[in-house]
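Asker: Next up, work-v7.txt (compact mmCIF, C-alpha atoms and all ligand atoms).
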```txt
# COMPACT_ATOMS: atom_id res chain seq x y z
CA ASP A 1 5.88 -9.49 -10.90
CA ARG A 2 6.31 -12.51 -8.71
CA GLU A 3 9.98 -13.10 -9.50
CA GLN A 4 10.87 -9.50 -8.85
CA LEU A 5 8.96 -9.61 -5.57
CA LEU A 6 10.92 -12.67 -4.47
CA THR A 7 14.16 -10.70 -4.73
CA LEU A 8 12.81 -8.70 -1.78
CA ALA A 9 12.51 -11.75 0.48
CA GLN A 10 15.72 -11.03 2.39
CA VAL A 11 15.50 -7.22 2.21
CA PRO A 12 14.60 -5.58 5.56
CA ALA A 13 11.16 -3.95 5.70
CA VAL A 14 12.08 -0.32 6.33
CA THR A 15 10.47 2.90 5.11
CA GLN A 16 12.47 5.49 3.19
CA ASP A 17 12.88 7.48 6.38
CA GLY A 18 14.06 4.53 8.45
CA VAL A 19 10.98 3.19 10.25
CA SER A 20 10.95 -0.60 10.33
CA LEU A 21 8.09 -3.03 10.67
CA THR A 22 8.43 -6.72 11.43
CA LEU A 23 6.56 -8.68 8.79
CA ALA A 24 5.73 -11.98 10.45
CA ALA A 25 3.52 -14.80 9.18
CA ASN A 26 0.11 -16.22 9.98
CA ILE A 27 0.29 -20.01 9.71
CA SER A 28 -1.85 -22.98 10.68
CA SER A 29 0.62 -25.79 10.01
CA LEU A 30 4.26 -26.65 9.61
CA LYS A 31 3.64 -26.87 5.88
CA GLU A 32 2.43 -23.27 5.72
CA LEU A 33 5.61 -22.18 7.48
CA GLU A 34 7.68 -23.20 4.43
CA ALA A 35 5.71 -20.87 2.17
CA ALA A 36 5.97 -18.08 4.73
CA LEU A 37 9.73 -18.42 5.06
CA SER A 38 10.32 -18.46 1.33
CA ASN A 39 8.38 -15.20 1.22
CA GLY A 40 10.75 -13.71 3.77
CA ALA A 41 8.58 -13.92 6.89
CA VAL A 42 10.38 -12.81 10.05
CA GLY A 43 8.91 -15.09 12.67
CA VAL A 44 5.32 -16.22 13.14
CA GLY A 45 2.93 -13.69 14.67
CA LEU A 46 -0.05 -16.03 14.70
CA PHE A 47 0.06 -19.81 14.72
CA ARG A 48 -3.59 -20.83 14.55
CA THR A 49 -3.63 -24.15 16.38
CA GLU A 50 -7.23 -25.07 15.52
CA PHE A 51 -6.15 -27.14 12.56
CA LEU A 52 -4.08 -29.36 14.80
CA TYR A 53 -7.33 -30.20 16.56
CA MET A 54 -9.44 -30.58 13.42
CA ASP A 55 -9.29 -33.40 10.84
CA ARG A 56 -8.75 -36.07 13.45
CA VAL A 57 -10.66 -38.43 15.74
CA ARG A 58 -9.75 -37.11 19.19
CA PHE A 59 -8.00 -34.22 20.93
CA PRO A 60 -4.28 -34.18 20.13
CA SER A 61 -2.07 -35.35 22.99
CA GLU A 62 0.55 -33.18 24.65
CA GLU A 63 3.23 -35.14 22.81
CA GLU A 64 1.57 -34.72 19.40
CA GLN A 65 1.25 -30.98 19.93
CA PHE A 66 4.74 -30.62 21.31
CA GLU A 67 6.24 -32.29 18.22
CA VAL A 68 4.56 -29.76 15.94
CA TYR A 69 5.31 -26.70 18.08
CA ARG A 70 8.93 -27.73 18.48
CA ALA A 71 9.35 -28.36 14.76
CA VAL A 72 7.99 -24.90 13.94
CA ALA A 73 10.15 -23.26 16.64
CA GLN A 74 13.27 -24.99 15.36
CA LYS A 75 12.61 -24.01 11.75
CA LEU A 76 12.37 -20.39 12.89
CA LYS A 77 15.93 -20.47 14.23
CA GLY A 78 15.39 -18.07 17.10
CA GLU A 79 12.82 -15.81 15.42
CA THR A 80 9.66 -15.33 17.47
CA LEU A 81 6.86 -17.89 17.32
CA ILE A 82 3.53 -16.77 18.77
CA ILE A 83 1.27 -19.75 19.36
CA ARG A 84 -2.39 -18.92 19.83
CA THR A 85 -4.22 -21.27 22.14
CA LEU A 86 -7.21 -23.08 20.73
CA ASP A 87 -9.85 -20.88 19.10
CA ILE A 88 -12.47 -23.53 18.47
CA GLY A 89 -16.17 -22.71 18.17
CA GLY A 90 -17.44 -19.87 16.01
CA ASP A 91 -16.90 -21.07 12.45
CA LYS A 92 -14.60 -23.94 13.50
CA GLN A 93 -15.98 -27.23 14.82
CA LEU A 94 -14.48 -30.53 15.94
CA ASP A 95 -15.86 -33.79 14.51
CA TYR A 96 -15.10 -35.75 17.66
CA HIS A 97 -16.32 -33.27 20.24
CA GLU A 98 -19.85 -32.05 20.06
CA LEU A 99 -20.27 -28.42 20.96
CA PRO A 100 -23.75 -27.17 21.82
CA GLU A 101 -25.87 -25.84 18.95
CA GLU A 102 -25.76 -22.07 19.15
CA GLU A 103 -27.84 -19.26 17.69
CA ASN A 104 -24.79 -17.00 17.53
CA PRO A 105 -21.69 -19.16 17.50
CA PHE A 106 -19.29 -16.22 17.07
CA LEU A 107 -20.70 -14.77 20.29
CA GLY A 108 -20.79 -18.13 21.94
CA PHE A 109 -18.77 -20.88 23.53
CA ARG A 110 -15.44 -20.50 21.76
CA ALA A 111 -11.77 -19.67 22.11
CA ILE A 112 -10.59 -18.77 25.63
CA ARG A 113 -14.12 -19.46 26.93
CA PHE A 114 -13.81 -23.07 25.85
CA SER A 115 -10.27 -23.33 27.25
CA LEU A 116 -11.27 -21.94 30.65
CA GLU A 117 -14.17 -24.38 30.79
CA ARG A 118 -11.98 -27.31 29.78
CA LYS A 119 -8.88 -26.55 31.80
CA ASP A 120 -7.66 -30.12 31.38
CA LEU A 121 -7.40 -29.63 27.60
CA PHE A 122 -6.07 -26.09 28.06
CA LYS A 123 -3.31 -27.24 30.38
CA THR A 124 -2.30 -29.98 27.96
CA GLN A 125 -1.87 -27.37 25.25
CA LEU A 126 0.02 -24.98 27.54
CA ARG A 127 2.37 -27.77 28.63
CA ALA A 128 3.09 -28.60 24.98
CA ILE A 129 3.77 -24.93 24.19
CA LEU A 130 5.98 -24.49 27.25
CA ARG A 131 8.01 -27.56 26.33
CA ALA A 132 8.55 -26.08 22.86
CA SER A 133 9.76 -22.84 24.48
CA HIS A 134 13.02 -24.64 25.18
CA PHE A 135 13.68 -24.72 21.42
CA GLY A 136 13.13 -21.12 20.37
CA ASP A 137 11.51 -17.79 21.18
CA VAL A 138 8.04 -19.21 21.78
CA GLN A 139 5.25 -16.99 23.13
CA ILE A 140 1.66 -17.73 24.08
CA MET A 141 -1.40 -15.82 22.91
CA TYR A 142 -4.94 -16.08 24.27
CA PRO A 143 -7.82 -15.46 21.83
CA LEU A 144 -11.08 -13.56 22.35
CA ILE A 145 -10.16 -11.96 25.66
CA THR A 146 -12.91 -9.71 27.02
CA SER A 147 -11.78 -9.10 30.61
CA VAL A 148 -8.85 -8.88 33.02
CA ASP A 149 -10.34 -11.86 34.89
CA GLU A 150 -9.98 -14.12 31.88
CA VAL A 151 -6.32 -13.19 31.52
CA ARG A 152 -5.66 -13.90 35.17
CA GLU A 153 -7.51 -17.20 35.07
CA ALA A 154 -5.63 -18.29 31.96
CA ASN A 155 -2.33 -17.28 33.53
CA GLU A 156 -3.16 -19.34 36.61
CA VAL A 157 -3.45 -22.43 34.44
CA LEU A 158 -0.18 -21.42 32.78
CA GLU A 159 1.52 -21.20 36.17
CA GLU A 160 0.17 -24.64 37.11
CA ALA A 161 1.53 -26.06 33.88
CA LYS A 162 4.91 -24.50 34.65
CA SER A 163 5.13 -25.89 38.15
CA GLU A 164 4.13 -29.35 36.93
CA LEU A 165 6.85 -29.31 34.29
CA ALA A 166 9.38 -28.01 36.78
CA GLN A 167 8.49 -30.80 39.20
CA GLU A 168 8.82 -33.36 36.44
CA GLY A 169 12.25 -31.98 35.53
CA ILE A 170 11.15 -31.07 31.99
CA SER A 171 12.90 -28.10 30.31
CA PHE A 172 10.99 -24.95 29.40
CA ARG A 173 11.47 -21.20 29.57
CA GLN A 174 10.22 -19.92 32.89
CA ASP A 175 9.80 -16.40 31.46
CA THR A 176 7.72 -17.47 28.45
CA LYS A 177 5.67 -14.44 27.45
CA ALA A 178 1.89 -14.50 27.39
CA GLY A 179 -0.05 -11.95 25.36
CA ILE A 180 -3.58 -11.55 24.09
CA MET A 181 -5.59 -10.94 20.97
CA ILE A 182 -7.48 -7.69 20.97
CA GLU A 183 -10.51 -8.62 18.91
CA VAL A 184 -13.54 -7.67 20.99
CA PRO A 185 -14.66 -4.06 21.56
CA ALA A 186 -14.64 -4.63 25.34
CA ALA A 187 -10.93 -5.40 25.17
CA VAL A 188 -10.36 -2.15 23.28
CA ALA A 189 -12.28 -0.20 25.90
CA ILE A 190 -10.12 -1.64 28.69
CA ALA A 191 -6.89 -1.87 26.69
CA ASP A 192 -5.10 0.28 29.29
CA LEU A 193 -6.04 -2.22 32.02
CA LEU A 194 -5.21 -5.26 29.94
CA ALA A 195 -1.83 -3.77 29.00
CA GLU A 196 -0.82 -4.04 32.65
CA GLU A 197 -1.48 -7.78 32.68
CA VAL A 198 0.10 -9.04 29.48
CA ALA A 199 3.35 -9.06 27.53
CA PHE A 200 1.91 -7.98 24.17
CA PHE A 201 -1.19 -7.21 22.15
CA SER A 202 -2.08 -8.53 18.73
CA ILE A 203 -5.09 -6.91 17.09
CA GLY A 204 -7.40 -9.43 15.43
CA THR A 205 -9.19 -7.18 13.00
CA ASN A 206 -11.26 -10.01 11.48
CA ASP A 207 -13.27 -10.38 14.65
CA LEU A 208 -12.85 -6.80 15.84
CA ILE A 209 -14.48 -5.42 12.69
CA GLN A 210 -17.28 -8.00 12.89
CA PHE A 211 -18.05 -7.16 16.52
CA THR A 212 -17.59 -3.40 16.30
CA LEU A 213 -19.81 -2.98 13.26
CA ALA A 214 -22.17 -5.83 14.25
CA VAL A 215 -21.56 -7.43 10.87
CA ASP A 216 -21.28 -11.22 10.78
CA ARG A 217 -18.02 -11.88 8.94
CA MET A 218 -19.53 -14.99 7.28
CA ASN A 219 -22.78 -13.40 6.07
CA GLU A 220 -22.50 -12.50 2.40
CA GLN A 221 -25.69 -10.50 2.40
CA ILE A 222 -24.08 -7.81 4.51
CA SER A 223 -20.47 -8.20 3.43
CA HIS A 224 -20.57 -4.68 1.93
CA MET A 225 -20.98 -3.42 5.50
CA TYR A 226 -17.83 -5.19 6.65
CA GLU A 227 -15.79 -2.01 6.44
CA PRO A 228 -12.20 -1.98 7.74
CA TYR A 229 -11.89 1.74 6.95
CA HIS A 230 -14.85 2.72 9.13
CA PRO A 231 -13.91 5.65 11.39
CA ALA A 232 -15.01 3.54 14.38
CA ILE A 233 -12.33 0.98 13.51
CA LEU A 234 -9.66 3.66 13.12
CA ARG A 235 -10.50 5.02 16.56
CA MET A 236 -10.31 1.57 18.10
CA LEU A 237 -6.94 0.90 16.51
CA ARG A 238 -5.66 4.20 17.89
CA THR A 239 -6.92 3.40 21.39
CA VAL A 240 -5.16 0.04 21.39
CA ALA A 241 -1.91 1.40 19.95
CA ASN A 242 -1.83 4.21 22.51
CA SER A 243 -2.55 1.92 25.45
CA ALA A 244 0.21 -0.44 24.39
CA LYS A 245 2.61 2.46 23.92
CA SER A 246 1.92 4.01 27.31
CA ARG A 247 2.55 0.66 28.95
CA GLY A 248 5.57 -0.10 26.77
CA ILE A 249 4.31 -3.40 25.36
CA PRO A 250 4.51 -4.35 21.67
CA VAL A 251 1.38 -4.29 19.53
CA SER A 252 0.90 -6.05 16.23
CA VAL A 253 -1.95 -6.56 13.77
CA CYS A 254 -2.77 -10.08 12.59
CA GLY A 255 -6.16 -9.78 10.84
CA GLU A 256 -6.58 -9.97 7.06
CA ILE A 257 -6.67 -6.20 6.67
CA ALA A 258 -2.95 -6.14 7.53
CA GLY A 259 -2.38 -7.67 4.10
CA ASP A 260 -4.18 -4.82 2.33
CA VAL A 261 -1.38 -2.67 0.97
CA ASN A 262 -3.55 0.45 1.13
CA ALA A 263 -3.87 0.05 4.91
CA LEU A 264 -0.12 0.18 5.46
CA PRO A 265 0.05 3.93 6.22
CA ILE A 266 -2.41 3.34 9.07
CA TRP A 267 -0.05 0.93 10.84
CA ILE A 268 2.99 3.07 10.26
CA GLY A 269 1.10 6.19 11.29
CA LEU A 270 -0.06 4.53 14.51
CA GLY A 271 3.42 3.28 15.35
CA ILE A 272 2.51 -0.41 15.17
CA GLU A 273 5.69 -2.54 15.28
CA GLU A 274 4.60 -5.73 13.61
CA LEU A 275 2.18 -7.12 11.07
CA SER A 276 1.39 -10.80 10.87
CA LEU A 277 0.36 -11.74 7.35
CA SER A 278 -0.56 -14.66 5.19
CA ALA A 279 2.47 -15.77 3.17
CA GLN A 280 1.39 -14.25 -0.12
CA ALA A 281 0.80 -10.81 1.42
CA ILE A 282 4.27 -10.38 2.90
CA LEU A 283 6.21 -9.28 -0.17
CA PRO A 284 3.62 -6.90 -1.63
CA VAL A 285 3.40 -5.15 1.75
CA LYS A 286 7.18 -4.99 1.98
CA GLN A 287 7.43 -3.58 -1.52
CA SER A 288 5.06 -0.78 -0.55
CA MET A 289 6.96 -0.10 2.64
CA LEU A 290 10.15 0.45 0.74
CA ARG A 291 8.60 3.33 -1.18
CA THR A 292 6.78 4.88 1.76
CA ARG A 293 7.79 7.68 4.13
CA ALA A 294 6.58 7.29 7.72
CA SER A 295 6.26 11.06 8.00
CA ASP A 296 3.76 11.01 5.11
CA CYS A 297 1.85 8.20 6.83
CA ARG A 298 1.49 10.23 10.00
CA LYS A 299 0.11 13.16 8.02
CA LEU A 300 -2.24 10.90 6.11
CA LEU A 301 -3.51 9.36 9.33
CA GLU A 302 -4.29 12.81 10.73
CA ASP A 303 -6.35 13.48 7.61
CA MET A 304 -8.07 10.11 8.01
CA PHE A 305 -9.05 10.99 11.56
CA ARG A 306 -10.78 14.09 10.23
CA CYS A 307 -12.97 11.99 7.92
CA LYS A 308 -16.55 11.26 8.84
CA THR A 309 -17.21 8.30 6.58
CA ALA A 310 -15.52 5.07 5.62
CA GLY A 311 -15.71 6.13 1.98
CA GLU A 312 -13.63 9.21 2.70
CA VAL A 313 -11.04 7.22 4.65
CA ARG A 314 -10.84 4.61 1.94
CA ALA A 315 -10.43 7.27 -0.75
CA LEU A 316 -7.50 8.80 1.13
CA ALA A 317 -5.89 5.37 1.53
CA THR A 318 -6.29 4.57 -2.17
CA GLN A 319 -5.03 7.97 -3.31
CA PHE A 320 -1.92 7.74 -1.18
CA TYR A 321 -0.26 5.07 -3.28
CA ALA A 322 -1.99 5.99 -6.53
CA GLU A 323 -0.32 9.40 -6.35
CA ALA A 324 3.03 7.93 -5.37
CA ALA A 325 2.98 5.56 -8.35
C1 LIG B 401 -8.87 -12.16 13.82
O1 LIG B 401 -9.95 -12.32 14.39
O2 LIG B 401 -8.53 -11.10 13.24
C2 LIG B 401 -7.88 -13.26 13.75
C3 LIG B 401 -6.67 -13.06 13.29
O3 LIG B 401 -8.28 -14.50 14.18
P1 LIG B 401 -9.25 -15.48 13.38
O4 LIG B 401 -9.34 -14.97 11.97
O5 LIG B 401 -8.60 -16.83 13.48
O6 LIG B 401 -10.51 -15.37 14.16
MG MG B 402 -10.33 -13.94 15.74
```
Rewrite the structure from the file as structure tokens, please.
Ligand code: PEP
Ligand code: MG
Answerer:
Amino acid sequence: DREQLLTLAQVPAVTQDGVSLTLAANISSLKELEAALSNGAVGVGLFRTEFLYMDRVRFPSEEEQFEVYRAVAQKLKGETLIIRTLDIGGDKQLDYHELPEEENPFLGFRAIRFSLERKDLFKTQLRAILRASHFGDVQIMYPLITSVDEVREANEVLEEAKSELAQEGISFRQDTKAGIMIEVPAAVAIADLLAEEVAFFSIGTNDLIQFTLAVDRMNEQISHMYEPYHPAILRMLRTVANSAKSRGIPVSVCGEIAGDVNALPIWIGLGIEELSLSAQAILPVKQSMLRTRASDCRKLLEDMFRCKTAGEVRALATQFYAEAA
């Protein structure tokens, strides 16, 4: 039960045969960080900054953002904080800034596309993040990347922000890492190229599943087709993990599926180093880890790759822990 789970909060997440996984938190506010930390989160793998921009009357200033980012960084006491730059558009709108009506908002003007179009707003956010980097291990993550060009263009704005701050004599970490979300099939297909440009990958399975299977993640009529265990998804995850490994950059998973205990052998089998989870998923996943052998996960994953249907993959995943119990 809950109380028993809480005793695991400070226990390291290690399999029986010594493979460890960092279990970080997904948060969207300072308030959510409290819940994550009491559940034993090790750092923040995804700080969704949209909510800082929503529920207000205008874009947040550099100072307003900096205050929040710094507070989160300080509370983490040196543990990593990955701040995702604005992912507005799609399902998330701003009251004070009209975005064009779109037929397919998830495929539209959102995330890094918005930031690269509004470089003034983007630079304000990057300056705020950089200033917070002085107070902890703060890293930057760009959402919805589809090309090497986008990464380079975003990094150019980042470099401008850095030289401005340097000129103004404001403290920040010059070597602040910038990584990307892998959440579009195009990014998977060029993961080897992207790995040469960035410091880390974080796989956003929420969008990646939606785009790979062409299943709108908000459309209830087809929600039965939203299938994380689809062999196509497994293959994509493997491609990304292998590209990151060959380039020596860390790869994590931050979509909702990371909180599904039955999916755990997939991450361990693929050699993923970190999961970023909602607060309530951290301890159940850790509990499963403690009774799992990585060697069994690798074998299971081989079997999964021999499956032709999502149903078969899912059955293997479910059996794995059912048998262990
Ligand atoms: C994702 O797409 O998996 C993700 C983590 O980002 P969001 O849910 O905010 O789109
Ligand atoms: Mg996403």
Asker: One decimal, Å: what's the distance from CA of Arg56 in chain A over to CA of Gln93 in chain A, could you say?
Answerer: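 CA of Gln93 in chain A lies at a distance of 11.5 Å from CA of Arg56 in chain A.
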Asker: Give me, as CSV, each residue of range 84-138 of chain A that comes within 9 Å of range 146-153 of chain A, together with its shortest interatomic pair and the distance in Å at one decimal, counting all atoms listed in the file, with rows ordered by chain and rising residue number.
Answerer:
```
residue,atom,partner,partner_atom,distance
A:Ile112,CA,A:Glu150,CA,7.8
A:Arg113,CA,A:Glu150,CA,8.4
A:Leu116,CA,A:Glu153,CA,7.5
```
Asker: Please identify the residues whose atoms come within 7 Å of ligand MG 402 (chain B), using all atoms listed in the file, and report them as a ChimeraX atom specification.
Answerer: /A:143-144,183,204,206-207
Asker: Could you tell me, counting all atoms listed in the file, which protein and nucleic acid residues lie no more than 9 Å from ligand LIG 401 (chain B), written as a ChimeraX atom specification?
Answerer: /A:26,46,48,50,87,90-91,143-144,181-184,202-210,253-257,276
Asker: Please compute the CA of Lys92 in chain A-CA of Glu32 in chain A distance, one decimal, in Å.
Answerer: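 Interatomic distance, CA of Lys92 in chain A to CA of Glu32 in chain A: 18.7 Å.
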Asker: Write range 8-24 of chain A as a compact mmCIF listing (two decimals), in the coordinates of the input, completed to N, CA and C atoms.
Answerer:
```
# COMPACT_ATOMS: atom_id res chain seq x y z
N LEU A 8 12.94 -9.51 -3.00
CA LEU A 8 12.81 -8.70 -1.78
C LEU A 8 12.76 -9.54 -0.51
N ALA A 9 12.74 -10.87 -0.68
CA ALA A 9 12.51 -11.75 0.48
C ALA A 9 13.48 -11.46 1.63
N GLN A 10 14.74 -11.23 1.32
CA GLN A 10 15.72 -11.03 2.39
C GLN A 10 15.99 -9.56 2.69
N VAL A 11 15.30 -8.66 1.99
CA VAL A 11 15.50 -7.22 2.21
C VAL A 11 14.73 -6.79 3.47
N PRO A 12 15.35 -6.02 4.37
CA PRO A 12 14.60 -5.58 5.56
C PRO A 12 13.43 -4.67 5.19
N ALA A 13 12.34 -4.77 5.94
CA ALA A 13 11.16 -3.95 5.70
C ALA A 13 11.32 -2.62 6.43
N VAL A 14 11.81 -1.63 5.73
CA VAL A 14 12.08 -0.32 6.33
C VAL A 14 11.55 0.76 5.39
N THR A 15 10.95 1.80 5.96
CA THR A 15 10.47 2.90 5.11
C THR A 15 11.66 3.75 4.65
N GLN A 16 11.40 4.65 3.71
CA GLN A 16 12.47 5.49 3.19
C GLN A 16 13.10 6.35 4.27
N ASP A 17 12.30 6.68 5.29
CA ASP A 17 12.88 7.48 6.38
C ASP A 17 13.19 6.63 7.61
N GLY A 18 13.44 5.33 7.41
CA GLY A 18 14.06 4.53 8.45
C GLY A 18 13.17 3.91 9.52
N VAL A 19 11.86 3.86 9.28
CA VAL A 19 10.98 3.19 10.25
C VAL A 19 10.82 1.73 9.82
N SER A 20 11.08 0.80 10.75
CA SER A 20 10.95 -0.60 10.33
C SER A 20 9.73 -1.26 10.95
N LEU A 21 9.27 -2.27 10.26
CA LEU A 21 8.09 -3.03 10.67
C LEU A 21 8.49 -4.50 10.55
N THR A 22 8.19 -5.28 11.56
CA THR A 22 8.43 -6.72 11.43
C THR A 22 7.28 -7.32 10.64
N LEU A 23 7.59 -8.01 9.57
CA LEU A 23 6.56 -8.68 8.79
C LEU A 23 6.61 -10.17 9.08
N ALA A 24 5.77 -10.59 10.02
CA ALA A 24 5.73 -11.98 10.45
C ALA A 24 4.61 -12.70 9.69
```
